[in-house]
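Content type PDB, C-alpha atoms and all ligand atoms, from the file start-v7.pdb:
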```
ATOM      1  CA  MET Y  33      -1.834 -15.200  -1.085  1.00  0.00           C
ATOM      2  CA  CYS Y  34      -3.960 -12.508   0.439  1.00  0.00           C
ATOM      3  CA  GLU Y  35      -3.150  -9.125   1.878  1.00  0.00           C
ATOM      4  CA  PRO Y  36      -0.688  -9.400   4.769  1.00  0.00           C
ATOM      5  CA  ALA Y  37      -2.986  -9.204   7.776  1.00  0.00           C
ATOM      6  CA  GLU Y  38      -0.422  -7.939  10.191  1.00  0.00           C
ATOM      7  CA  ASP Y  39       1.013  -4.477  10.229  1.00  0.00           C
ATOM      8  CA  LEU Y  40       4.581  -4.820   8.980  1.00  0.00           C
ATOM      9  CA  TYR Y  41       5.739  -1.903  11.107  1.00  0.00           C
ATOM     10  CA  ALA Y  42       4.240  -3.486  14.198  1.00  0.00           C
ATOM     11  CA  VAL Y  43       6.034  -6.738  13.351  1.00  0.00           C
ATOM     12  CA  LEU Y  44       9.317  -4.830  13.540  1.00  0.00           C
ATOM     13  CA  GLY Y  45       8.185  -2.861  16.585  1.00  0.00           C
ATOM     14  CA  ALA Y  46       8.725   0.207  14.448  1.00  0.00           C
ATOM     15  CA  SER Y  47       6.618   3.107  13.271  1.00  0.00           C
ATOM     16  CA  PRO Y  48       5.749   4.169   9.692  1.00  0.00           C
ATOM     17  CA  SER Y  49       7.729   7.379  10.152  1.00  0.00           C
ATOM     18  CA  ASP Y  50      10.944   5.531  11.044  1.00  0.00           C
ATOM     19  CA  SER Y  51      13.945   5.918   8.772  1.00  0.00           C
ATOM     20  CA  LEU Y  52      15.456   3.003   6.885  1.00  0.00           C
ATOM     21  CA  GLN Y  53      18.315   2.931   9.426  1.00  0.00           C
ATOM     22  CA  GLN Y  54      15.898   2.658  12.331  1.00  0.00           C
ATOM     23  CA  LEU Y  55      14.010  -0.124  10.590  1.00  0.00           C
ATOM     24  CA  ARG Y  56      17.239  -1.947   9.804  1.00  0.00           C
ATOM     25  CA  HIS Y  57      18.297  -1.672  13.414  1.00  0.00           C
ATOM     26  CA  ARG Y  58      14.988  -3.131  14.625  1.00  0.00           C
ATOM     27  CA  TYR Y  59      15.174  -5.884  12.043  1.00  0.00           C
ATOM     28  CA  GLN Y  60      18.728  -6.873  12.982  1.00  0.00           C
ATOM     29  CA  GLN Y  61      17.866  -6.938  16.659  1.00  0.00           C
ATOM     30  CA  LEU Y  62      14.783  -9.111  16.205  1.00  0.00           C
ATOM     31  CA  ALA Y  63      16.353 -11.365  13.623  1.00  0.00           C
ATOM     32  CA  ARG Y  64      19.288 -11.999  15.942  1.00  0.00           C
ATOM     33  CA  GLN Y  65      17.054 -12.697  18.956  1.00  0.00           C
ATOM     34  CA  ASN Y  66      14.911 -15.154  17.023  1.00  0.00           C
ATOM     35  CA  HIS Y  67      17.429 -16.632  14.642  1.00  0.00           C
ATOM     36  CA  PRO Y  68      17.117 -20.417  14.166  1.00  0.00           C
ATOM     37  CA  ASP Y  69      20.808 -20.816  15.080  1.00  0.00           C
ATOM     38  CA  ARG Y  70      20.054 -19.647  18.606  1.00  0.00           C
ATOM     39  CA  LEU Y  71      17.214 -22.055  19.197  1.00  0.00           C
ATOM     40  CA  VAL Y  72      19.376 -24.954  20.308  1.00  0.00           C
ATOM     41  CA  GLY Y  73      18.316 -26.035  23.781  1.00  0.00           C
ATOM     42  CA  GLN Y  74      14.921 -24.377  23.657  1.00  0.00           C
ATOM     43  CA  SER Y  75      11.670 -26.252  24.010  1.00  0.00           C
ATOM     44  CA  PRO Y  76       9.914 -27.154  20.752  1.00  0.00           C
ATOM     45  CA  SER Y  77       7.127 -24.643  21.370  1.00  0.00           C
ATOM     46  CA  GLU Y  78       9.587 -21.827  22.161  1.00  0.00           C
ATOM     47  CA  ALA Y  79      11.568 -22.731  19.091  1.00  0.00           C
ATOM     48  CA  ALA Y  80       8.442 -22.759  16.922  1.00  0.00           C
ATOM     49  CA  ALA Y  81       7.333 -19.359  18.216  1.00  0.00           C
ATOM     50  CA  ALA Y  82      10.789 -17.885  17.656  1.00  0.00           C
ATOM     51  CA  LEU Y  83      10.944 -19.311  14.156  1.00  0.00           C
ATOM     52  CA  GLN Y  84       7.516 -17.860  13.389  1.00  0.00           C
ATOM     53  CA  THR Y  85       8.678 -14.436  14.610  1.00  0.00           C
ATOM     54  CA  PHE Y  86      11.903 -14.745  12.660  1.00  0.00           C
ATOM     55  CA  LEU Y  87      10.010 -15.485   9.435  1.00  0.00           C
ATOM     56  CA  GLN Y  88       7.568 -12.607   9.976  1.00  0.00           C
ATOM     57  CA  VAL Y  89      10.367 -10.175  10.785  1.00  0.00           C
ATOM     58  CA  ASP Y  90      12.298 -11.313   7.740  1.00  0.00           C
ATOM     59  CA  ALA Y  91       9.260 -10.975   5.454  1.00  0.00           C
ATOM     60  CA  ALA Y  92       8.463  -7.509   6.840  1.00  0.00           C
ATOM     61  CA  TRP Y  93      12.034  -6.359   6.334  1.00  0.00           C
ATOM     62  CA  ARG Y  94      12.107  -7.622   2.745  1.00  0.00           C
ATOM     63  CA  ILE Y  95       9.172  -5.370   1.909  1.00  0.00           C
ATOM     64  CA  LEU Y  96      10.157  -2.343   3.976  1.00  0.00           C
ATOM     65  CA  SER Y  97      13.862  -2.327   3.070  1.00  0.00           C
ATOM     66  CA  ASP Y  98      13.146  -1.664  -0.587  1.00  0.00           C
ATOM     67  CA  GLY Y  99      12.099   1.902  -1.384  1.00  0.00           C
ATOM     68  CA  ALA Y 100       9.584   1.007  -4.080  1.00  0.00           C
ATOM     69  CA  SER Y 101       7.935  -1.858  -2.247  1.00  0.00           C
ATOM     70  CA  ARG Y 102       7.825   0.145   1.005  1.00  0.00           C
ATOM     71  CA  ARG Y 103       6.114   2.978  -0.827  1.00  0.00           C
ATOM     72  CA  ARG Y 104       3.600   0.543  -2.305  1.00  0.00           C
ATOM     73  CA  TYR Y 105       2.984  -1.020   1.087  1.00  0.00           C
ATOM     74  CA  ASP Y 106       2.528   2.419   2.705  1.00  0.00           C
ATOM     75  CA  LEU Y 107      -0.069   3.330   0.096  1.00  0.00           C
ATOM     76  CA  GLN Y 108      -1.919   0.046   0.542  1.00  0.00           C
ATOM     77  CA  ARG Y 109      -1.839   0.486   4.271  1.00  0.00           C
ATOM     78  CA  ARG Y 110      -3.106   4.040   4.020  1.00  0.00           C
ATOM     79  CA  ALA Y 111      -5.836   3.020   1.588  1.00  0.00           C
ATOM     80  CA  GLN Y 112      -6.812   0.179   3.886  1.00  0.00           C
ATOM     81  CA  GLU Y 113      -7.084   2.525   6.855  1.00  0.00           C
ATOM     82  CA  LEU Y 114      -9.094   5.010   4.878  1.00  0.00           C
ATOM     83  CA  LYS Y 115     -11.438   2.379   3.490  1.00  0.00           C
ATOM     84  CA  GLN Y 116     -12.181   1.164   6.987  1.00  0.00           C
ATOM     85  CA  ASP Y 117     -13.737   4.375   8.183  1.00  0.00           C
ATOM     86  CA  TRP Y 118     -14.784   5.909   4.943  1.00  0.00           C
ATOM     87  CA  PRO Y 119     -18.333   6.568   3.967  1.00  0.00           C
ATOM     88  CA  GLU Y 120     -19.313   4.768   0.783  1.00  0.00           C
ATOM     89  CA  ASP Y 121     -19.556   8.010  -1.183  1.00  0.00           C
ATOM     90  CA  SER Y 122     -15.834   8.659  -0.712  1.00  0.00           C
ATOM     91  CA  THR Y 123     -14.981   5.875  -3.117  1.00  0.00           C
ATOM     92  CA  LEU Y 124     -15.127   6.899  -6.746  1.00  0.00           C
ATOM     93  CA  ARG Y 125     -14.729   4.946  -9.919  1.00  0.00           C
ATOM     94  CA  LEU Y 126     -12.154   6.323 -12.294  1.00  0.00           C
ATOM     95  CA  GLU Y 127     -14.663   6.211 -15.130  1.00  0.00           C
ATOM     96  CA  ASP Y 128     -16.906   8.600 -13.183  1.00  0.00           C
ATOM     97  CA  LEU Y 129     -14.253  11.290 -13.068  1.00  0.00           C
ATOM     98  CA  THR Y 130     -14.028  13.993 -15.696  1.00  0.00           C
ATOM     99  CA  TRP Y 131     -11.161  13.620 -18.139  1.00  0.00           C
ATOM    100  CA  ASP Y 132      -9.186  16.781 -18.870  1.00  0.00           C
ATOM    101  CA  PRO Y 133      -7.285  16.116 -22.120  1.00  0.00           C
ATOM    102  CA  GLY Y 134      -5.322  19.368 -21.911  1.00  0.00           C
ATOM    103  CA  GLU Y 135      -3.767  18.513 -18.559  1.00  0.00           C
ATOM    104  CA  CYS Y 136      -3.946  14.701 -18.928  1.00  0.00           C
ATOM    105  CA  LEU Y 137      -5.813  14.619 -15.634  1.00  0.00           C
ATOM    106  CA  TYR Y 138      -8.943  13.082 -14.218  1.00  0.00           C
ATOM    107  CA  THR Y 139     -10.794  15.576 -12.055  1.00  0.00           C
ATOM    108  CA  HIS Y 140     -13.725  15.527  -9.688  1.00  0.00           C
ATOM    109  CA  CYS Y 141     -15.287  18.434  -7.802  1.00  0.00           C
ATOM    110  CA  CYS Y 142     -15.156  18.339  -4.043  1.00  0.00           C
ATOM    111  CA  ARG Y 143     -18.152  19.551  -2.095  1.00  0.00           C
ATOM    112  CA  CYS Y 144     -15.978  22.381  -0.716  1.00  0.00           C
ATOM    113  CA  GLY Y 145     -15.556  23.719  -4.265  1.00  0.00           C
ATOM    114  CA  GLY Y 146     -12.022  22.354  -4.535  1.00  0.00           C
ATOM    115  CA  VAL Y 147     -10.907  19.674  -6.972  1.00  0.00           C
ATOM    116  CA  PHE Y 148      -9.592  16.117  -6.734  1.00  0.00           C
ATOM    117  CA  ARG Y 149      -6.979  15.519  -9.399  1.00  0.00           C
ATOM    118  CA  VAL Y 150      -5.510  12.232 -10.579  1.00  0.00           C
ATOM    119  CA  SER Y 151      -2.911  12.356 -13.320  1.00  0.00           C
ATOM    120  CA  GLN Y 152      -2.901   9.716 -16.018  1.00  0.00           C
ATOM    121  CA  GLU Y 153       0.744   9.131 -15.125  1.00  0.00           C
ATOM    122  CA  GLU Y 154      -0.211   8.241 -11.559  1.00  0.00           C
ATOM    123  CA  VAL Y 155      -2.787   5.742 -12.750  1.00  0.00           C
ATOM    124  CA  GLU Y 156      -0.394   4.186 -15.247  1.00  0.00           C
ATOM    125  CA  GLU Y 157       2.342   3.866 -12.659  1.00  0.00           C
ATOM    126  CA  GLU Y 158      -0.033   2.098 -10.334  1.00  0.00           C
ATOM    127  CA  VAL Y 159      -1.277  -0.195 -13.095  1.00  0.00           C
ATOM    128  CA  GLU Y 160       2.282  -1.105 -14.089  1.00  0.00           C
ATOM    129  CA  GLU Y 161       3.021  -2.102 -10.517  1.00  0.00           C
ATOM    130  CA  GLU Y 162      -0.124  -4.203 -10.437  1.00  0.00           C
ATOM    131  CA  GLU Y 163       0.890  -5.916 -13.628  1.00  0.00           C
ATOM    132  CA  GLN Y 164       4.148  -7.047 -12.069  1.00  0.00           C
ATOM    133  CA  GLN Y 165       2.206  -8.903  -9.426  1.00  0.00           C
ATOM    134  CA  LEU Y 166       1.005 -12.429  -9.879  1.00  0.00           C
ATOM    135  CA  PRO Y 167      -2.569 -12.569 -11.179  1.00  0.00           C
ATOM    136  CA  GLU Y 168      -3.822 -14.081  -7.912  1.00  0.00           C
ATOM    137  CA  GLU Y 169      -2.248 -11.239  -5.922  1.00  0.00           C
ATOM    138  CA  ARG Y 170      -3.825  -8.524  -7.990  1.00  0.00           C
ATOM    139  CA  GLN Y 171      -6.512  -6.476  -6.436  1.00  0.00           C
ATOM    140  CA  ARG Y 172      -8.764  -3.846  -7.741  1.00  0.00           C
ATOM    141  CA  GLY Y 173      -6.445  -0.918  -8.415  1.00  0.00           C
ATOM    142  CA  GLY Y 174      -6.850   2.403  -6.745  1.00  0.00           C
ATOM    143  CA  VAL Y 175      -5.202   5.567  -5.480  1.00  0.00           C
ATOM    144  CA  VAL Y 176      -5.969   7.902  -2.626  1.00  0.00           C
ATOM    145  CA  VAL Y 177      -6.509  11.452  -3.822  1.00  0.00           C
ATOM    146  CA  CYS Y 178      -6.640  14.580  -1.683  1.00  0.00           C
ATOM    147  CA  CYS Y 179      -8.748  17.621  -2.383  1.00  0.00           C
ATOM    148  CA  ASP Y 180      -6.630  20.598  -3.392  1.00  0.00           C
ATOM    149  CA  SER Y 181      -8.341  22.939  -0.980  1.00  0.00           C
ATOM    150  CA  CYS Y 182      -9.739  21.016   2.007  1.00  0.00           C
ATOM    151  CA  SER Y 183      -8.632  17.989   3.986  1.00  0.00           C
ATOM    152  CA  LEU Y 184     -11.021  15.513   2.344  1.00  0.00           C
ATOM    153  CA  SER Y 185      -9.642  12.599   0.414  1.00  0.00           C
ATOM    154  CA  VAL Y 186     -11.299  10.020  -1.787  1.00  0.00           C
ATOM    155  CA  TYR Y 187     -10.302   6.593  -2.948  1.00  0.00           C
ATOM    156  CA  VAL Y 188     -10.396   6.338  -6.730  1.00  0.00           C
ATOM    157  CA  THR Y 189     -10.594   2.770  -8.020  1.00  0.00           C
ATOM    158  CA  TRP Y 190     -10.636   1.030 -11.357  1.00  0.00           C
ATOM    159  CA  LEU Y 191     -10.853  -2.524 -12.555  1.00  0.00           C
ATOM    160  CA  SER Y 192      -7.368  -3.984 -12.717  1.00  0.00           C
ATOM    161  CA  HIS Y 193      -7.790  -5.321 -16.193  1.00  0.00           C
ATOM    162  CA  SER Y 194      -9.620  -2.389 -17.626  1.00  0.00           C
ATOM    163  CA  ARG Y 195      -7.405  -0.401 -19.976  1.00  0.00           C
ATOM    164  CA  HIS Y 196     -10.015   2.091 -21.092  1.00  0.00           C
ATOM    165  CA  PHE Y 197      -7.986   5.067 -19.909  1.00  0.00           C
ATOM    166  CA  ARG Y 198      -5.134   4.195 -22.223  1.00  0.00           C
ATOM    167  CA  ASP Y 199      -7.194   4.111 -25.342  1.00  0.00           C
ATOM    168  CA  SER Y 200      -9.637   6.955 -25.325  1.00  0.00           C
ATOM    169  CA  PRO Y 201     -10.474   8.418 -21.964  1.00  0.00           C
ATOM    170  CA  ALA Y 202     -14.073   9.567 -22.058  1.00  0.00           C
TER     171      ALA Y 202
HETATM  172 ZN    ZN H   1     -12.516  19.864  -0.672  1.00  0.00          ZN
END
```
What is this structure when it is put down as structure tokens?
Amino acid sequence: MCEPAEDLYAVLGASPSDSLQQLRHRYQQLARQNHPDRLVGQSPSEAAAALQTFLQVDAAWRILSDGASRRRYDLQRRAQELKQDWPEDSTLRLEDLTWDPGECLYTHCCRCGGVFRVSQEEVEEEVEEEEQQLPEERQRGGVVVCCDSCSLSVYVTWLSHSRHFRDSPA
């Protein structure tokens, strides 16, 4: 299975800033309107379209109703958006960052003089989530990191199966 192509918020007619209650409300409305039980008497093509919508709405709600999976989806979505209009040099490989053993942080200097910081904890959390996914759903891992003094952000990536940072970060 590949990345869900559609925007899950758009599927629910909702916005990423909506609360869980608002999302639930949208979900219940759409699920009711398109529920298979209500399709009796409709033409086959209407019924098929409604069923398709029902399944999409249900799948979107499953992901967005759970705090952890919503957070993961939001990050993916954000990373996706950023990657689309990012210059190539805004993507960094984790192994190119400088390891700070005192703080357990990877750092990289921003051109403004500020610093991008990625904690080892953040990377490990992300890797653990990746490991819970099926191998065919795994993608190259990565996190979006903001500069601590300007508005620039970079996308820091690593190879999903590379564990170098756990052993002896360079
Ligand atoms: Zn900066």
> In terms of the shortest atom-to-atom distance over only C-alpha atoms and all ligand atoms, which of Y:Val188, Y:Tyr59, Y:Leu166, Y:Arg143 is closest to ligand ZN 1 (chain H)?
Replying inline: Y:Arg143
>> Can you translate the PyMOL selection byres (((not hetatm)) within 9 of (chain H and resi 1)) into the concrete residues it hits in this file, as a PyMOL selection string?
In response: chain Y and resi 141-148+178-185
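Residues within 12 Å of Y:Ala42, counting only C-alpha atoms and excluding same-chain residues fewer than 2 positions away, are Y:Ala37, Y:Glu38, Y:Asp39, Y:Leu40, Y:Leu44, Y:Gly45, Y:Ala46, Y:Ser47, Y:Pro48, Y:Asp50, Y:Leu55, Y:Arg58, Y:Tyr59, Y:Thr85, Y:Gln88, Y:Val89, Y:Ala92, Y:Trp93, Y:Leu96.
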Next, the residues of the selection above should be written as a CSV table (one decimal), keeping the file's coordinate frame with C-alpha atoms.
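After the write, part.csv holds the following:
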```csv
chain,number,residue,atom,x,y,z
Y,37,ALA,CA,-3.0,-9.2,7.8
Y,38,GLU,CA,-0.4,-7.9,10.2
Y,39,ASP,CA,1.0,-4.5,10.2
Y,40,LEU,CA,4.6,-4.8,9.0
Y,44,LEU,CA,9.3,-4.8,13.5
Y,45,GLY,CA,8.2,-2.9,16.6
Y,46,ALA,CA,8.7,0.2,14.4
Y,47,SER,CA,6.6,3.1,13.3
Y,48,PRO,CA,5.7,4.2,9.7
Y,50,ASP,CA,10.9,5.5,11.0
Y,55,LEU,CA,14.0,-0.1,10.6
Y,58,ARG,CA,15.0,-3.1,14.6
Y,59,TYR,CA,15.2,-5.9,12.0
Y,85,THR,CA,8.7,-14.4,14.6
Y,88,GLN,CA,7.6,-12.6,10.0
Y,89,VAL,CA,10.4,-10.2,10.8
Y,92,ALA,CA,8.5,-7.5,6.8
Y,93,TRP,CA,12.0,-6.4,6.3
Y,96,LEU,CA,10.2,-2.3,4.0
```
>> Excluding stretch 103-115 of chain Y and its own-chain neighbours fewer than 3 positions away, which residues fall within 9 Å of it when counting all atoms listed in the file? Please give them as a ChimeraX atom specification.
In response: /Y:39-40,48,95-96,98-100,118-120,122-123,158,161,174-176,185-187
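The closest residue to Y:Leu124, picked from Y:Glu156, Y:Gly173, Y:Ser101, Y:Glu78 and counting all atoms listed in the file, is Y:Gly173.
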>> Once the PyMOL selection byres (((chain Y and resi 82) around 8) and not hetatm) is applied to the coordinates I shared, what remains selected? I want it as a VMD selection string.
In response: chain Y and resid 66 to 68 71 78 to 81 83 to 86
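Separating atom CA of Y:Ser151 from atom CA of Y:Ser51 is a distance of 28.5 Å.
Remark: for Y:Val155, the closest of the candidate residues Y:Thr139, Y:Trp190, Y:Gln61, Y:Pro76 is Y:Trp190 (distances computed over all atoms listed in the file).
You will find atom CA of Y:Tyr138 at 14.7 Å from atom CA of Y:Glu157.
Atom pair atom CA of Y:Val43 / atom CA of Y:His57 has a distance of 13.3 Å (rounded to one decimal).
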Could you put an axis-aligned box around every listed atom of stretch 62-65 of chain Y, padded by 6 Å on each side, and send me its centre and edge lengths in Å to one decimal, as AutoDock Vina command-line options?
```
--center_x 17.0 --center_y -10.9 --center_z 16.3 --size_x 16.5 --size_y 15.6 --size_z 17.3
```
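Residue nearest Y:Asp128 within the list Y:Leu62, Y:Glu153, Y:Thr189, Y:Gln74: Y:Thr189 [criterion: smallest interatomic distance, all atoms listed in the file].
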